[in-house]
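Here is the file run18.txt (compact mmCIF, C-alpha atoms).
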# COMPACT_ATOMS: atom_id res chain seq x y z
CA MET B 23 -4.65 147.36 -15.17
CA SER B 24 -1.14 146.02 -15.29
CA GLN B 25 -0.07 142.82 -13.41
CA VAL B 26 2.67 143.23 -10.91
CA LYS B 27 5.19 140.43 -10.59
CA LEU B 28 5.96 139.66 -7.04
CA PRO B 29 9.52 139.02 -6.31
CA GLY B 30 10.48 135.33 -5.97
CA SER B 31 7.31 133.87 -7.54
CA VAL B 32 7.76 130.90 -9.92
CA ARG B 33 5.32 129.76 -12.54
CA VAL B 34 4.69 126.05 -12.24
CA ALA B 35 3.50 124.20 -15.34
CA PRO B 36 0.39 121.99 -14.83
CA PRO B 37 0.95 118.15 -14.87
CA PRO B 38 0.39 116.41 -18.18
CA LYS B 39 -3.04 114.89 -18.65
CA ILE B 40 -3.24 111.08 -18.94
CA LYS B 41 -5.72 109.87 -21.44
CA THR B 42 -8.23 107.74 -19.61
CA GLY B 43 -11.09 108.01 -21.97
CA PRO B 44 -13.04 105.20 -23.67
CA SER B 45 -10.57 104.68 -26.49
CA PHE B 46 -7.79 103.65 -24.06
CA PHE B 47 -9.84 101.14 -22.06
CA SER B 48 -11.35 99.68 -25.15
CA ARG B 49 -7.91 99.01 -26.55
CA VAL B 50 -6.57 97.35 -23.33
CA PHE B 51 -9.59 95.36 -22.39
CA GLY B 52 -10.50 94.65 -25.96
CA PHE B 53 -7.18 92.88 -26.54
CA ALA B 54 -7.45 90.93 -23.29
CA GLY B 55 -10.99 90.00 -24.17
CA LEU B 56 -9.90 88.69 -27.49
CA LEU B 57 -7.29 86.55 -25.77
CA VAL B 58 -9.85 85.16 -23.33
CA VAL B 59 -12.41 84.49 -26.01
CA GLY B 60 -9.77 82.89 -28.17
CA ALA B 61 -8.63 80.70 -25.30
CA LEU B 62 -12.22 79.73 -24.58
CA ILE B 63 -12.87 78.87 -28.19
CA LEU B 64 -9.64 76.88 -28.41
CA GLY B 65 -10.48 75.06 -25.16
CA PHE B 66 -13.97 74.34 -26.40
CA PHE B 67 -12.67 72.80 -29.59
CA LYS B 68 -10.06 70.81 -27.69
CA LEU B 69 -12.75 69.54 -25.34
CA LEU B 70 -14.96 68.75 -28.29
CA VAL B 71 -12.19 66.83 -30.02
CA TYR B 72 -11.15 65.04 -26.81
CA SER B 73 -14.74 64.19 -25.92
CA GLN B 74 -14.96 62.27 -29.19
CA ASN B 75 -12.58 59.78 -27.61
CA PHE B 76 -15.31 58.77 -25.18
CA LEU B 77 -17.61 57.76 -28.03
CA ALA B 78 -17.94 54.33 -29.67
CA PRO B 79 -15.21 53.52 -32.21
CA GLU B 80 -17.69 51.92 -34.63
CA SER B 81 -21.32 52.39 -35.59
CA ALA B 82 -22.25 48.75 -36.37
CA SER B 83 -22.64 46.38 -33.45
CA ARG B 84 -20.52 43.22 -33.39
CA GLU B 85 -18.82 40.97 -30.88
CA VAL B 86 -15.12 41.26 -30.16
CA ALA B 87 -13.52 38.77 -27.78
CA VAL B 88 -10.92 40.46 -25.58
CA ALA B 89 -8.79 38.54 -23.08
CA ILE B 90 -8.15 40.48 -19.87
CA PRO B 91 -5.28 38.87 -17.93
CA ASN B 92 -5.53 38.32 -14.19
CA GLY B 93 -3.80 41.10 -12.28
CA ALA B 94 -3.75 43.55 -15.22
CA SER B 95 -3.75 47.22 -14.19
CA ASN B 96 -6.35 49.67 -15.47
CA SER B 97 -3.70 51.25 -17.66
CA GLN B 98 -2.79 47.87 -19.16
CA ILE B 99 -6.45 47.07 -19.70
CA GLY B 100 -6.90 50.37 -21.51
CA GLN B 101 -4.06 49.52 -23.89
CA ILE B 102 -5.52 46.03 -24.51
CA LEU B 103 -8.94 47.49 -25.28
CA TYR B 104 -7.46 50.12 -27.57
CA ARG B 105 -5.46 47.54 -29.54
CA ALA B 106 -8.61 45.42 -29.83
CA GLY B 107 -10.47 48.39 -31.28
CA VAL B 108 -13.22 48.57 -28.65
CA ILE B 109 -12.25 52.03 -27.32
CA ARG B 110 -10.96 55.15 -29.09
CA SER B 111 -8.37 56.20 -26.54
CA PRO B 112 -6.67 54.60 -23.52
CA GLU B 113 -6.43 58.09 -22.00
CA ALA B 114 -10.18 58.61 -22.29
CA PHE B 115 -10.67 55.17 -20.74
CA ALA B 116 -8.47 56.19 -17.79
CA TRP B 117 -10.35 59.47 -17.35
CA ALA B 118 -13.70 57.70 -17.49
CA LEU B 119 -12.58 55.38 -14.69
CA LYS B 120 -11.46 58.38 -12.60
CA LEU B 121 -14.74 60.21 -13.16
CA ARG B 122 -16.68 57.12 -12.07
CA SER B 123 -14.63 56.99 -8.89
CA TRP B 124 -15.18 60.70 -8.21
CA VAL B 125 -18.96 60.27 -8.41
CA GLY B 126 -18.87 57.24 -6.11
CA LYS B 127 -19.14 54.50 -8.75
CA PRO B 128 -15.70 52.87 -8.92
CA ALA B 129 -15.45 50.02 -11.43
CA SER B 130 -13.84 46.68 -10.63
CA LEU B 131 -12.88 45.25 -14.02
CA LYS B 132 -13.28 41.50 -14.48
CA ALA B 133 -10.46 39.37 -15.86
CA GLY B 134 -11.08 36.68 -18.45
CA GLU B 135 -12.20 36.55 -22.07
CA GLN B 136 -14.87 39.21 -22.40
CA ALA B 137 -17.37 39.67 -25.23
CA LEU B 138 -17.31 43.41 -25.99
CA ASP B 139 -19.00 45.61 -28.60
CA PRO B 140 -17.06 48.39 -30.40
CA ALA B 141 -20.41 50.10 -31.13
CA LYS B 142 -20.68 51.03 -27.43
CA ASP B 143 -19.08 54.10 -25.85
CA VAL B 144 -16.36 53.95 -23.22
CA TRP B 145 -18.87 54.23 -20.37
CA ALA B 146 -20.83 51.21 -21.57
CA THR B 147 -17.61 49.25 -22.14
CA ILE B 148 -16.50 49.96 -18.56
CA ALA B 149 -19.93 48.92 -17.27
CA THR B 150 -19.67 45.66 -19.24
CA LEU B 151 -16.20 44.93 -17.85
CA HIS B 152 -17.42 45.74 -14.34
CA LYS B 153 -20.37 43.36 -14.60
CA GLY B 154 -18.52 40.73 -16.66
CA ASN B 155 -19.77 39.57 -20.04
CA PHE B 156 -17.70 36.47 -20.65
CA LYS B 157 -17.60 34.98 -24.13
CA LEU B 158 -19.36 31.63 -24.05
CA TYR B 159 -18.40 28.51 -25.97
CA PRO B 160 -21.31 26.12 -26.53
CA PHE B 161 -21.30 22.38 -27.03
CA THR B 162 -24.26 20.09 -27.56
CA VAL B 163 -24.78 16.65 -26.06
CA PRO B 164 -27.36 14.76 -28.16
CA GLU B 165 -29.33 11.89 -26.62
CA GLY B 166 -27.49 8.59 -26.64
CA ARG B 167 -23.92 9.92 -26.46
CA THR B 168 -21.32 8.24 -24.29
CA MET B 169 -18.89 9.85 -21.84
CA ALA B 170 -16.16 9.55 -24.46
CA ASP B 171 -18.33 11.32 -27.05
CA ILE B 172 -19.11 14.12 -24.59
CA ALA B 173 -15.46 14.49 -23.60
CA ALA B 174 -14.55 14.94 -27.27
CA SER B 175 -17.23 17.66 -27.63
CA VAL B 176 -15.88 19.51 -24.60
CA GLU B 177 -12.36 19.42 -26.01
CA ALA B 178 -13.59 20.54 -29.45
CA ALA B 179 -15.22 23.58 -27.80
CA GLY B 180 -11.84 24.51 -26.30
CA LEU B 181 -13.05 23.99 -22.74
CA GLY B 182 -10.58 21.34 -21.61
CA ARG B 183 -8.80 18.12 -22.51
CA ALA B 184 -10.94 15.06 -23.16
CA ASP B 185 -8.67 12.88 -21.03
CA ASP B 186 -9.04 15.21 -18.05
CA PHE B 187 -12.81 15.24 -18.50
CA LEU B 188 -12.94 11.43 -18.53
CA ALA B 189 -10.65 11.21 -15.51
CA LEU B 190 -13.15 13.32 -13.54
CA CYS B 191 -16.02 11.12 -14.72
CA ARG B 192 -14.21 8.12 -13.26
CA ASP B 193 -13.02 9.73 -10.02
CA PRO B 194 -14.88 7.98 -7.15
CA ALA B 195 -14.57 10.89 -4.71
CA PHE B 196 -15.77 13.45 -7.25
CA ILE B 197 -18.63 11.21 -8.38
CA ALA B 198 -19.78 10.79 -4.78
CA SER B 199 -19.62 14.56 -4.21
CA LEU B 200 -22.20 14.96 -7.00
CA GLY B 201 -24.64 12.62 -5.30
CA VAL B 202 -24.22 9.87 -7.90
CA ARG B 203 -23.93 6.29 -6.67
CA ALA B 204 -22.07 4.71 -9.55
CA SER B 205 -18.57 3.79 -10.60
CA THR B 206 -18.61 6.33 -13.46
CA LEU B 207 -20.81 9.19 -14.63
CA GLU B 208 -21.89 7.32 -17.74
CA GLY B 209 -25.59 8.03 -18.18
CA TYR B 210 -25.65 10.94 -15.70
CA LEU B 211 -24.32 13.66 -18.05
CA PHE B 212 -27.65 14.95 -19.29
CA PRO B 213 -28.15 15.59 -23.02
CA GLU B 214 -28.46 19.34 -23.49
CA THR B 215 -26.69 22.33 -25.03
CA TYR B 216 -24.28 23.91 -22.58
CA SER B 217 -22.26 27.12 -22.80
CA PHE B 218 -19.26 28.08 -20.69
CA PRO B 219 -16.44 30.64 -20.87
CA ARG B 220 -12.99 29.29 -21.51
CA GLY B 221 -11.11 28.77 -18.31
CA THR B 222 -14.13 27.30 -16.55
CA PRO B 223 -12.94 24.38 -14.37
CA LEU B 224 -13.92 21.00 -15.80
CA LYS B 225 -15.40 20.13 -12.41
CA THR B 226 -17.86 22.99 -12.86
CA ILE B 227 -18.84 21.74 -16.33
CA VAL B 228 -19.34 18.15 -15.20
CA ALA B 229 -21.28 19.27 -12.12
CA ALA B 230 -23.62 21.38 -14.30
CA MET B 231 -24.38 18.37 -16.48
CA THR B 232 -25.18 16.11 -13.55
CA GLU B 233 -27.26 18.84 -11.90
CA GLN B 234 -29.32 19.03 -15.07
CA PHE B 235 -29.77 15.26 -14.94
CA PHE B 236 -31.14 15.41 -11.41
CA ARG B 237 -33.45 18.30 -12.29
CA VAL B 238 -35.06 16.05 -14.89
CA TRP B 239 -34.93 12.89 -12.77
CA ASN B 240 -36.70 14.60 -9.86
CA LYS B 241 -39.81 14.80 -12.04
CA TYR B 242 -39.93 11.00 -12.24
CA SER B 243 -38.34 9.82 -8.99
CA ALA B 244 -41.70 9.38 -7.25
CA THR B 245 -42.98 7.19 -10.12
CA ALA B 246 -39.79 5.11 -9.99
CA ALA B 247 -40.14 4.63 -6.23
CA MET B 248 -43.78 3.60 -6.62
CA LYS B 249 -42.78 0.99 -9.20
CA GLY B 250 -39.86 -0.25 -7.12
CA MET B 251 -37.26 0.77 -9.73
CA SER B 252 -33.96 2.19 -8.55
CA LEU B 253 -32.32 5.22 -10.11
CA ALA B 254 -29.46 3.10 -11.43
CA ASP B 255 -31.77 0.55 -13.06
CA ALA B 256 -33.98 3.23 -14.59
CA VAL B 257 -31.03 5.10 -16.11
CA THR B 258 -29.40 1.91 -17.34
CA LEU B 259 -32.55 0.68 -19.06
CA ALA B 260 -33.30 4.16 -20.44
CA SER B 261 -29.82 4.31 -21.97
CA ILE B 262 -30.48 1.02 -23.78
CA VAL B 263 -33.85 2.25 -25.05
CA GLU B 264 -32.14 5.45 -26.25
CA LYS B 265 -29.57 3.49 -28.25
CA GLU B 266 -32.14 1.13 -29.78
CA THR B 267 -34.38 3.69 -31.50
CA SER B 268 -34.54 7.28 -32.64
CA GLN B 269 -38.32 7.09 -33.09
CA PRO B 270 -40.15 8.84 -30.22
CA ASN B 271 -43.26 6.70 -30.58
CA GLU B 272 -41.21 3.49 -30.34
CA ARG B 273 -39.48 4.24 -27.04
CA PRO B 274 -42.39 3.10 -24.82
CA LEU B 275 -42.78 -0.05 -26.96
CA ILE B 276 -39.11 -0.99 -26.70
CA ALA B 277 -39.10 -0.21 -22.98
CA GLY B 278 -42.10 -2.54 -22.67
CA VAL B 279 -40.25 -5.33 -24.51
CA PHE B 280 -37.25 -5.14 -22.18
CA LEU B 281 -39.37 -4.95 -19.03
CA ASN B 282 -41.39 -7.96 -20.20
CA ARG B 283 -38.19 -9.92 -20.82
CA LEU B 284 -36.78 -8.96 -17.42
CA GLU B 285 -40.01 -10.05 -15.75
CA LYS B 286 -39.83 -13.44 -17.50
CA ARG B 287 -36.09 -13.71 -16.67
CA MET B 288 -35.18 -13.69 -20.33
CA ARG B 289 -31.89 -12.22 -21.45
CA LEU B 290 -32.20 -8.78 -22.98
CA GLN B 291 -30.10 -9.71 -26.03
CA THR B 292 -29.56 -6.12 -27.17
CA ASP B 293 -26.73 -5.26 -29.54
CA PRO B 294 -25.89 -1.77 -28.17
CA THR B 295 -24.79 -3.22 -24.82
CA VAL B 296 -22.50 -5.68 -26.58
CA ILE B 297 -20.95 -2.90 -28.64
CA TYR B 298 -20.45 -0.73 -25.55
CA GLY B 299 -18.45 -3.50 -23.85
CA LEU B 300 -16.10 -4.08 -26.78
CA LYS B 301 -12.65 -2.50 -26.61
CA SER B 302 -12.91 -1.60 -30.28
CA PHE B 303 -15.74 -1.78 -32.78
CA ASN B 304 -15.44 -1.43 -36.56
CA GLY B 305 -19.16 -1.16 -37.25
CA ASN B 306 -19.68 -4.85 -37.96
CA LEU B 307 -21.06 -6.87 -35.03
CA THR B 308 -20.07 -10.53 -35.45
CA ARG B 309 -21.29 -13.74 -33.88
CA ALA B 310 -17.97 -13.94 -32.06
CA ASP B 311 -18.78 -10.55 -30.53
CA LEU B 312 -22.17 -11.85 -29.37
CA GLU B 313 -20.49 -14.81 -27.70
CA ASN B 314 -17.76 -12.72 -26.04
CA PRO B 315 -18.47 -13.03 -22.26
CA HIS B 316 -17.92 -9.45 -21.07
CA PRO B 317 -20.06 -7.76 -18.35
CA TYR B 318 -22.11 -5.75 -20.89
CA ASN B 319 -22.93 -8.67 -23.19
CA THR B 320 -26.67 -9.10 -22.60
CA TYR B 321 -26.63 -12.16 -24.86
CA VAL B 322 -24.58 -13.83 -22.11
CA ILE B 323 -25.45 -12.15 -18.80
CA GLU B 324 -28.76 -12.20 -16.96
CA GLY B 325 -30.66 -8.98 -16.36
CA LEU B 326 -29.31 -5.48 -16.83
CA PRO B 327 -25.65 -4.66 -17.54
CA PRO B 328 -23.54 -3.10 -14.72
CA GLY B 329 -24.54 0.46 -15.64
CA PRO B 330 -25.75 2.81 -18.37
CA ILE B 331 -24.23 2.63 -21.82
CA ALA B 332 -24.98 6.26 -22.82
CA SER B 333 -26.76 9.41 -21.70
CA PRO B 334 -30.53 8.95 -22.06
CA GLY B 335 -32.81 11.89 -22.72
CA GLU B 336 -35.96 12.69 -20.79
CA GLU B 337 -38.25 10.84 -23.20
CA ALA B 338 -36.30 7.61 -22.79
CA ILE B 339 -36.47 7.92 -18.99
CA LYS B 340 -40.20 8.60 -19.22
CA ALA B 341 -40.67 5.56 -21.50
CA VAL B 342 -38.99 3.23 -19.02
CA LEU B 343 -41.26 4.44 -16.20
CA ASN B 344 -44.35 4.54 -18.41
CA PRO B 345 -43.91 1.68 -20.93
CA ALA B 346 -46.49 0.82 -23.55
CA PRO B 347 -48.81 -1.98 -22.38
CA GLY B 348 -48.62 -5.26 -24.28
CA ASP B 349 -47.00 -8.67 -24.46
CA TYR B 350 -44.25 -7.92 -26.96
CA LEU B 351 -41.04 -9.81 -26.32
CA TYR B 352 -39.11 -9.21 -29.56
CA PHE B 353 -38.43 -6.51 -32.13
CA VAL B 354 -36.37 -6.31 -35.30
CA SER B 355 -35.32 -3.40 -37.47
CA ARG B 356 -37.16 -2.79 -40.73
CA ASN B 357 -34.05 -0.99 -42.00
CA ASP B 358 -35.97 2.27 -42.30
CA GLY B 359 -35.51 3.52 -38.75
CA THR B 360 -38.57 1.66 -37.43
CA HIS B 361 -39.05 -1.81 -35.90
CA HIS B 362 -41.45 -4.71 -36.12
CA PHE B 363 -42.64 -5.97 -32.72
CA SER B 364 -43.57 -9.60 -32.05
CA THR B 365 -45.05 -11.56 -29.17
CA THR B 366 -43.69 -14.95 -30.23
CA LEU B 367 -40.29 -16.22 -31.29
CA ALA B 368 -41.75 -17.82 -34.41
CA GLU B 369 -43.14 -14.52 -35.63
CA HIS B 370 -39.92 -12.77 -34.73
CA ASN B 371 -37.88 -15.28 -36.76
CA ARG B 372 -40.08 -14.69 -39.79
CA MET B 373 -39.58 -10.95 -39.47
CA VAL B 374 -35.84 -11.37 -39.11
CA ASN B 375 -35.75 -13.39 -42.32
CA ARG B 376 -37.87 -10.78 -44.05
CA TYR B 377 -35.97 -7.68 -42.96
CA GLN B 378 -32.49 -8.88 -42.10
CA ARG B 379 -32.01 -12.01 -44.25
CA ALA B 380 -29.61 -13.31 -41.64
CA PRO B 381 -29.71 -15.90 -38.84
CA ASN B 382 -31.69 -14.81 -35.78
CA ARG B 383 -29.61 -12.90 -33.23
CA GLY B 384 -32.45 -12.13 -30.86
CA SER B 385 -33.66 -8.51 -30.57
Represent the structure from my file as C-alpha cells, please.
Amino acid sequence: MSQVKLPGSVRVAPPPKIKTGPSFFSRVFGFAGLLVVGALILGFFKLLVYSQNFLAPESASREVAVAIPNGASNSQIGQILYRAGVIRSPEAFAWALKLRSWVGKPASLKAGEQALDPAKDVWATIATLHKGNFKLYPFTVPEGRTMADIAASVEAAGLGRADDFLALCRDPAFIASLGVRASTLEGYLFPETYSFPRGTPLKTIVAAMTEQFFRVWNKYSATAAMKGMSLADAVTLASIVEKETSQPNERPLIAGVFLNRLEKRMRLQTDPTVIYGLKSFNGNLTRADLENPHPYNTYVIEGLPPGPIASPGEEAIKAVLNPAPGDYLYFVSRNDGTHHFSTTLAEHNRMVNRYQRAPNRGS
C-alpha cells in the first residue's frame, strides 16, 4: 500500500542524543576524584611535615639556660626559644599556644632565666615555661665562715655584689625585720648549701639563710633557756668552738673548757677572736696582736666578745648547750688537727713546750 503525502507536512529530525552513559561520568568524576585525592594526599604530607615542628629538636636530654625578658610577647619568646634550639619552629610554638587557649588551657609564660630541655616537645616546653623552671645557682657556706666569706661566695655564684650583701647584713632595720637582735648578722647566716635563680633579691637570700638558722636553733632554744644561756651568748660561744676545731668529737670538750673558764671568771684567751678583730691578718699571730686592746681580744677583755666571729654549724651549737663534763681549763694543738686538754696550767705549759716549742700564749 502506498503512503500518501499530506500537503503541508514537514518531517522533523529527532534531537541528537547526549551520551550520558558510564564512560562519561567516569571521566568527569574520575578526574575530579583524582584532584581531591591528590589534594588530600598533599595536605596529609604537609600536615605530617608541619607536625614534625611540634616535636623535640633533639633526642638526648640536656639543660639549656634561656633568658626570657620581662614583658616579652609570645612571638618574641618563640624566636628566643628557636634561636636557643629548644623548639623546632616559632610558628609551631605560636600554634601550640593558640590550641591551648582554644581548649581552655591558656599558658602564662614566666620571665627569667629558665632551665629548658631540647629533648622535650613544644607542648612540654610551654608547660615548663608556664610553671617556671628557673635555673638555679648554688653556693655552699661551710661551718666557720664569716659574713665576708659568705658575701664572696654569693658574688662568685653571680647572685649579687659582695658589698651589697654585707651592707644588708649590717643594716639595723633589715636585721630587726629578721628577728635578730644583734648589730650584724655575723653568726646568723646558717652553714648550708643554697640555690637561687639569678635576679633573686639579696634580701631574699639573706632572709633564707637566717630562717635556716632559726629552724636549727628552735631545736635547742628550750635547752638554752633551761640553762640560762641567751641566744646571743650561745651563738657567740658556738662560733668560737667552730673556729677552734674541725674534730667533731672535740667540740663538746672545747665548749666545756670555755664554759669552765667563764664560770671561774678566767679570760677565754682564744686566738680566733683576736684574729677576727684585726683589720688585717697575714697568717702570723704575734705577741703584739695578743696585746692589742680591741673588743674581740679575749686575751684582754673579760668574758665573751661582743658577738659571733663566724657562722657555727649545728654540732657546735649542740656542743655549747651539751658540753663534755670535766674540769679541763686549757687545750693546745698537737699540730695534727687534734688538741691536748689539761686541768692545770703546769700541765698545759708542758704540753705547749712539747707541741708548740714557743712561749705559752694560753689556749
From the list B:Pro91, B:Gly359, B:Gly166, B:Gly335, the nearest residue to Lys132 in chain B using all atoms listed in the file is B:Pro91
Residues near Ala244 in chain B, anyone? I mean within 12 Å using all atoms listed in the file, not counting same-chain ones fewer than 6 positions away, as a list in words.
Gly250, Met251, Ser252, Leu253 and Leu343 of chain B
Could you check the closest approach to Leu259 in chain B for each of B:Ser123, B:Ser302, B:Thr295, B:Thr308 and tell me which residue wins, using all atoms listed in the file?
B:Thr295
Rank B:Tyr321, B:Phe161, B:Phe236, B:Phe115 by their smallest atom-to-atom distance to Ala146 in chain B, using all atoms listed in the file, and report the top residue only.
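Nearest candidate to Ala146 in chain B out of B:Tyr321, B:Phe161, B:Phe236, B:Phe115: B:Phe115.
Checking B:Ser130, B:Ser83, B:Thr168, B:Thr245 one by one against Gly154 in chain B, counting all atoms listed in the file, you find the shortest gap at B:Ser130.
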Can you pull out the residues contacting Lys286 in chain B? Cut-off 12 Å, using all atoms listed in the file, and skip same-chain residues under 2 positions away; I want them as JSON, numbers by chain.
{"B": [279, 280, 281, 282, 283, 284, 288, 289, 290, 324, 325, 349, 350, 351]}
What is the CA of Val88 in chain B-CA of Ile172 in chain B distance in Å, reported with one decimal?
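The value is 27.6 Å.
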Between B:Asn319, B:Thr267, B:Ala254, B:Lys249, which has the minimum distance to Arg356 in chain B (counting all atoms listed in the file)?
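The closest residue to Arg356 in chain B is B:Thr267.
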